[in-house]
Amino acid sequence: MKFLQNITAGNPRKLFKPFVLTVISNLLNILPFGLVLRGVYLIFEGFSRPETTLDIRGLWWVCAALVAYMVVIFLGEIPAYRACYRGAYEVAAEGRIHLAEHLRKLPLGFLMKRDPGDLANMMMGDFALLEQGISHVAPQIAGALVAPLLAVLGLSFLDWRMALAMFLPLPLGMVILGGTGGIMKLLGHRHMKAKIDAANRLQEYLNGIRVVKAYNLVGPRFERLQKAFYRFMKESIRIEGLGGAMVIPAIAFIRTGLTVSILAGSYLLLGGKLDPFVFVTFLIVGSRIFDPLTSALISFVLLRYFELAGERILALESEPVMTGTQKAPQKSDISFENISFSYQDAPALRHVSLHIPQGSLTALVGPSGSGKSTLLKLIPRFYDPQEGKILLGGENIRQMEPEKLLQRISMVFQEVYLFQDTLENNIRFGREDATSEEIREAARKACCHEFIDKLPRGYDTLVGEGGCTLSGGEKQRISIARAFLKNAPVVLLDEATASLDPENELQVQRAIDSLIQGRTVVVVAHRLKTIRRADNIVVLEKGRLLEQGRHDELLKLQGRYAGLWSIQQQSAGWSLAC
Amino acid sequence: MKTKQGISRLLEIAGERKGLLLLSGFLAVISAAFFLVPYAGAYFILAELLRHWNNLQSMDNTSIIRWGIYILLSLGGGMFFLYVSSMASHVAAFRILYGLRIRLIDHIGKLHLGYLTSTSTGSIKKTLEQNVEKIELFIAHQIPDFVNVVATVIIMFFIMFSMNVWMTLASLGAVVLGFALQASMTYGSKGKAMMKAYYDSLERINASAIQYVRGMPAVKIFGRTVFSFRRFHRDIQEYRTMVTKFTDQFQNGFVLFRTILASSITFVLPVGVLLLSRDPENTSLGLTVLFFIIMAPGASAPLYKIMYLAATLKDIQEGVSRIDAILRQPPVQEPLRSRKPASYEVTFDHVSFSYHTPESPHQIPALSDVSFEAPQGAITALVGPSGSGKSTAANLIPRFWDVNEGAIRIGGVDIRDMSTENLMNTVSFVFQDTFLFYDSLYENIRVGRPEASKEEVYAAARAAQCHEFISRLPHGYDTLIGEGGVYLSGGEEQRVSVARAILKNSPILVLDEATAYADPENEHHMQQALRELIRNKTVIVIAHRLHSIRKARNIVVLSEGRVAEEGNHETLLLRKGLYTKMWEIYNDTAAWAFRKGEDVA
């Protein structure tokens, strides 16, 4: 049952129709077999005794029935064919949508930690395997088992001793195969792991190609990719070699049934204890029954491998999603009450309590690793803290529906993701129902109208994967335009004014100036100068809140902030010189 | 380059492991012969029975038992040879796949960066993974299967012909008809067009999935449900519609093919009955008919194995053409003989360049007629508004792209006359977007000079101000970066990339200034790291913060791809030109602070 769950990514009912129709079409295929036996019988009758003559008429009838029956086979297979493919595509399409939907509900922090290449591979590659499993392999097994099963039944009625001889090795062979299943699964895991590893290293190679080239690491010299490919090759050969070494003897064993029954039959015939025609029937059935049986067994092994793909998908789908059902309140003051948070085992925040009044500007500062970015990320629920609670407008954000909460928050971060779409649609991401006019208005406020207008295709300009054709400052202004459009009362800023040329920086600064008016703003600051007018400056170190207050208050305190301030004053006058 | 296509191209690929594949084919033939023995055995036993039908007790059963044993032995032999044959072909296949992948990544690494920025990494990845993987099907399965089937059919028909020509022709007719159907289906113009559409749609949905996953954080932040995330949902549905149409297209032909293959006796028996009706007393003719009844399925059963041949072959060929499309991209031209510069000044000599990709045919000139010199051992700064071409100029030095006109020279040697390896050893780069590999910190630094000793790696880390934070990490230098390890802050990542460059210690440094990511302490560290890095080097810096380059020997001011002004800080300020204007803006932004309410002017 679990197997069926896995192979259909949790949707086993979808297998029902393809199965039934395939079984029916295979049942239809059995009748010609009877006709052939009838033909053989007639020939035997005609030639075995001198007194009888060959029943040519009867044989012609058999021929006619066979020819006519081709139509039946043809018509019987069409529904099976359609059901199998449709079922497979349905499982894949629905599964992909379901997985995409699930991904959406996972904590942002989880998503950002997972390798996107891995997730995308699950979305495409793993479902492609399931597709193949459902469209070809699973029904093939069902179908291929029908004839042998019926043969076992029918032949048992005909002569149980002969049937026993013919099919005795079958269950034994199956047991052997079943036993190898565990080993195959282990090998399959290793193979899958090697495959994923190769995929991740490849993604890394492509993403880091500039560094790869700059350090002469092109091609085989990029050892970790080369090694990953090599391991993948070895695992592929291993799974093929060991798999075959286990499956082929098992199959050979099952097929010995024909010989066993011939030996038993000849013994019985000599003793006169067997109708010779029954023996003929066994012989003909025996020479043909093992082919489909073998292919069913091979398919089953293949399916076990596909099962791993389903398992991976189901494992991801069992990751806990964000919960919460309430709406977010109108008020936008934020309170941290004794918050502790760790990434796995690494504590990032310890017992932080902080109040951020509505409409205020709060700056978080501290060395890298101090927890300032983590603190910021807890507000939109990238993660939920292990201890303490965060209140927005006096209510616990844990109880809020994540999307409703996010509607109240705009984020302007360093990394801006642009979709492969037009600039207009990229800005529209801030609010789906925005009109063209509103988009241009937001763009104007975010100081990006001018540069967009200068592009040959203006707002219809397509931006590439990851938005590689715009400069950093331009991308940031696009994200500010999105925030204007969204018009949320809380704005989270990860100071992103880094490395821009002055003109660009001026534009970004202007855009931020107007964005933050009248909103509750929390900013992670790197350059202390930019936050000297904040309402509250919070200094963090090693996950603890060290001091807080206005700029001049903190300077007077002569603590950590004052120290940082003086380092910054020193570096400000710095210049590259040989 | 390669012009071969289709099967001949596939065979060319397979030919890389000719020995193993010939062995595999040879064994496949032997195994095929063995697997025919049970059919023959069944026939001979039947013949024996028919001869003694009236007097079975008197029959000598040793011949029947002998056939039983033969069947058993042939089964073992057939299975054994099948296994060895399949192993040989799989080893060959996976080795070829490995070689192909290595060649692809090598080639991609030698292409201009423009190829990677204009082609989505998703589709390249798909080509390297799935399209390459599918070749395995051809080499490991289809070649031996094909050999096996052909051998079976030939042996079978050889025997059949010796027994009765007419019935042989009838069963041959079934096979030929079946394959003619397959061929007309996949190689017809309609089939070809369908195949192309199928691949395009597969590529689209792959790209779409990657974008969906990568863009997920943004999607979440803006509270978009998956259903309103129109593109992906629509693409999934579209893909599904497409593949359904695709399989419907092949439905009748495919089902008919199967029906014919399953009905081989239906083709043979009428001929047999016709012959019998003319000569009803001929016992040996009756036996022959029996033989055909038993053998006919034996001839067509193996054909099931290559049932998908035509369709999957097409599939594989499409994939190969995608692989070849990558391999056909012209790589960065390597000189026949690499010249080594004697000195290390960098000269731009009337350089013009424009980006042109297949996607944007209209050329946008990024640099026009740019000339300047970066003197050896001194700092030269490139400044200018965004889009002025300063980053482009820096990207031309490592030949991420090649100039359209003019030349870039190092010590008088055109960089196109230097081998890539030589050029990269001469120049190091510190980019704005740092990139750390999923590996230990130690290995990430060692990338700078793989033959460096442990001490040298540590020294570089110390000089780049990384040693302190690395020592604080749980596993020190062995700490893994990325999933399952630690994530460094932007400033730390930058310092690691500076450490790499320090370790590399090449005479020329191209620096995309990015020091501002860091918090005050980080910035301080970074400045010290850079001071270490630029010592005694020819430095070309793309500057964003003007004050940090005001002591540069030479400042080149670029505007819309042209050199607007050139000189040192003081002389440029005296000119009251573009640089002066930028300096004023810069000082404004430097004084900026987040402010609210009445503060805003």
# chains A, B, ... in the order shown; residues from 1 in each chain; ligands from 1
>>> select_by_dssp(residues="stretch 374-561 of chain A", states="strand (DSSP E)", output="ChimeraX atom specification")
/A:387-392,395-396,409-412,490-494,520-524,536-541,544-549
>>> write_last_selection(atoms="N, CA and C atoms", output="tab-separated table (two decimals), in the first residue's frame")
chain	number	residue	atom	x	y	z
A	387	GLU	N	11.37	30.15	21.26
A	387	GLU	CA	10.90	30.63	22.56
A	387	GLU	C	10.42	32.07	22.41
A	388	GLY	N	9.47	32.45	23.24
A	388	GLY	CA	9.00	33.82	23.23
A	388	GLY	C	8.02	34.06	22.11
A	389	LYS	N	7.47	35.29	22.07
A	389	LYS	CA	6.54	35.57	20.98
A	389	LYS	C	6.75	36.96	20.43
A	390	ILE	N	6.30	37.12	19.20
A	390	ILE	CA	6.40	38.39	18.52
A	390	ILE	C	4.99	38.89	18.27
A	391	LEU	N	4.74	40.13	18.68
A	391	LEU	CA	3.40	40.67	18.53
A	391	LEU	C	3.40	41.77	17.47
A	392	LEU	N	2.40	41.72	16.61
A	392	LEU	CA	2.20	42.82	15.66
A	392	LEU	C	0.83	43.42	16.02
A	395	GLU	N	-0.97	41.49	18.64
A	395	GLU	CA	-1.38	40.09	18.48
A	395	GLU	C	-0.22	39.23	18.03
A	396	ASN	N	-0.22	37.99	18.49
A	396	ASN	CA	0.87	37.06	18.18
A	396	ASN	C	0.88	36.73	16.69
A	409	ILE	N	3.53	43.67	5.28
A	409	ILE	CA	4.96	43.94	5.38
A	409	ILE	C	5.58	44.07	3.99
A	410	SER	N	6.38	45.11	3.81
A	410	SER	CA	7.18	45.21	2.58
A	410	SER	C	8.62	44.95	2.94
A	411	MET	N	9.34	44.27	2.05
A	411	MET	CA	10.73	44.01	2.33
A	411	MET	C	11.59	44.51	1.17
A	412	VAL	N	12.63	45.24	1.52
A	412	VAL	CA	13.59	45.66	0.51
A	412	VAL	C	14.93	45.09	0.95
A	490	VAL	N	4.29	48.16	7.35
A	490	VAL	CA	5.59	47.84	7.93
A	490	VAL	C	6.60	47.68	6.80
A	491	VAL	N	7.75	48.33	6.95
A	491	VAL	CA	8.79	48.18	5.94
A	491	VAL	C	10.05	47.63	6.60
A	492	LEU	N	10.55	46.52	6.06
A	492	LEU	CA	11.80	45.96	6.55
A	492	LEU	C	12.87	46.21	5.50
A	493	LEU	N	13.97	46.77	5.95
A	493	LEU	CA	15.04	47.11	5.02
A	493	LEU	C	16.31	46.41	5.45
A	494	ASP	N	16.93	45.74	4.48
A	494	ASP	CA	18.27	45.27	4.75
A	494	ASP	C	19.12	46.24	3.96
A	520	THR	N	6.01	51.94	9.79
A	520	THR	CA	6.89	51.39	10.81
A	520	THR	C	8.07	50.76	10.09
A	521	VAL	N	9.28	51.26	10.39
A	521	VAL	CA	10.43	50.83	9.60
A	521	VAL	C	11.47	50.16	10.51
A	522	VAL	N	11.91	48.99	10.09
A	522	VAL	CA	13.03	48.34	10.77
A	522	VAL	C	14.13	48.16	9.74
A	523	VAL	N	15.33	48.65	10.06
A	523	VAL	CA	16.40	48.56	9.09
A	523	VAL	C	17.62	47.88	9.70
A	524	VAL	N	18.18	46.93	8.93
A	524	VAL	CA	19.47	46.36	9.33
A	524	VAL	C	20.53	47.24	8.68
A	536	ASN	N	15.35	54.73	17.21
A	536	ASN	CA	15.95	53.81	18.16
A	536	ASN	C	17.00	52.98	17.45
A	537	ILE	N	18.18	52.91	18.04
A	537	ILE	CA	19.24	52.08	17.48
A	537	ILE	C	19.46	50.91	18.43
A	538	VAL	N	19.34	49.69	17.90
A	538	VAL	CA	19.46	48.50	18.74
A	538	VAL	C	20.78	47.83	18.41
A	539	VAL	N	21.63	47.68	19.39
A	539	VAL	CA	22.93	47.07	19.16
A	539	VAL	C	22.89	45.61	19.62
A	540	LEU	N	23.20	44.71	18.70
A	540	LEU	CA	23.18	43.28	19.02
A	540	LEU	C	24.59	42.72	18.94
A	541	GLU	N	24.84	41.73	19.75
A	541	GLU	CA	26.10	41.00	19.64
A	541	GLU	C	25.89	39.59	20.14
A	544	ARG	N	22.55	38.63	21.55
A	544	ARG	CA	21.97	39.34	22.69
A	544	ARG	C	21.81	40.80	22.38
A	545	LEU	N	20.79	41.40	23.01
A	545	LEU	CA	20.60	42.83	22.85
A	545	LEU	C	21.53	43.52	23.84
A	546	LEU	N	22.46	44.30	23.32
A	546	LEU	CA	23.50	44.89	24.16
A	546	LEU	C	23.11	46.25	24.69
A	547	GLU	N	22.72	47.11	23.76
A	547	GLU	CA	22.28	48.44	24.18
A	547	GLU	C	21.30	48.98	23.16
A	548	GLN	N	20.50	49.96	23.56
A	548	GLN	CA	19.62	50.61	22.59
A	548	GLN	C	19.36	52.05	23.02
A	549	GLY	N	19.05	52.86	22.02
A	549	GLY	CA	18.80	54.27	22.30
A	549	GLY	C	19.03	55.10	21.05
>>> residues_around(residues="stretch 450-466 of chain B", least_positions_apart="3", cutoff="12 Å", atoms="only C-alpha atoms", output="VMD selection string")
(chain A and resid 215 to 217 221 to 223) or (chain B and resid 441 to 447 469 to 473 476 to 477 488 to 489 491 to 505 521 to 535)
>>> residues_around(residues="stretch 129-137 of chain B", least_positions_apart="2", cutoff="8 Å", atoms="only C-alpha atoms", output="PyMOL selection string")
(chain A and resi 199) or (chain B and resi 90+93-94+97+100-101+125-127+139-142+316+319-320+322-323)
>>> atom_distance(atom1="atom CA of A:Ala525", atom2="atom CA of A:Gly109")
20.9 Å
>>> select_by_dssp(residues="stretch 10-250 of chain B", states="alpha helix (DSSP H)", output="number ranges by chain")
B: 10-14, 18-51, 62-110, 113-118, 121-126, 132-136, 143-163, 165-187, 189-214, 216-221, 230-250
>>> closest_residue(among="A:Ser299, A:Ala534, A:Leu316, A:Ala93", to="B:Glu238", atoms="only C-alpha atoms")
A:Ala93
>>> closest_residue(among="B:Ala47, B:Leu111, B:Ile30, B:Ile102", to="chain A", atoms="only C-alpha atoms")
B:Ile102
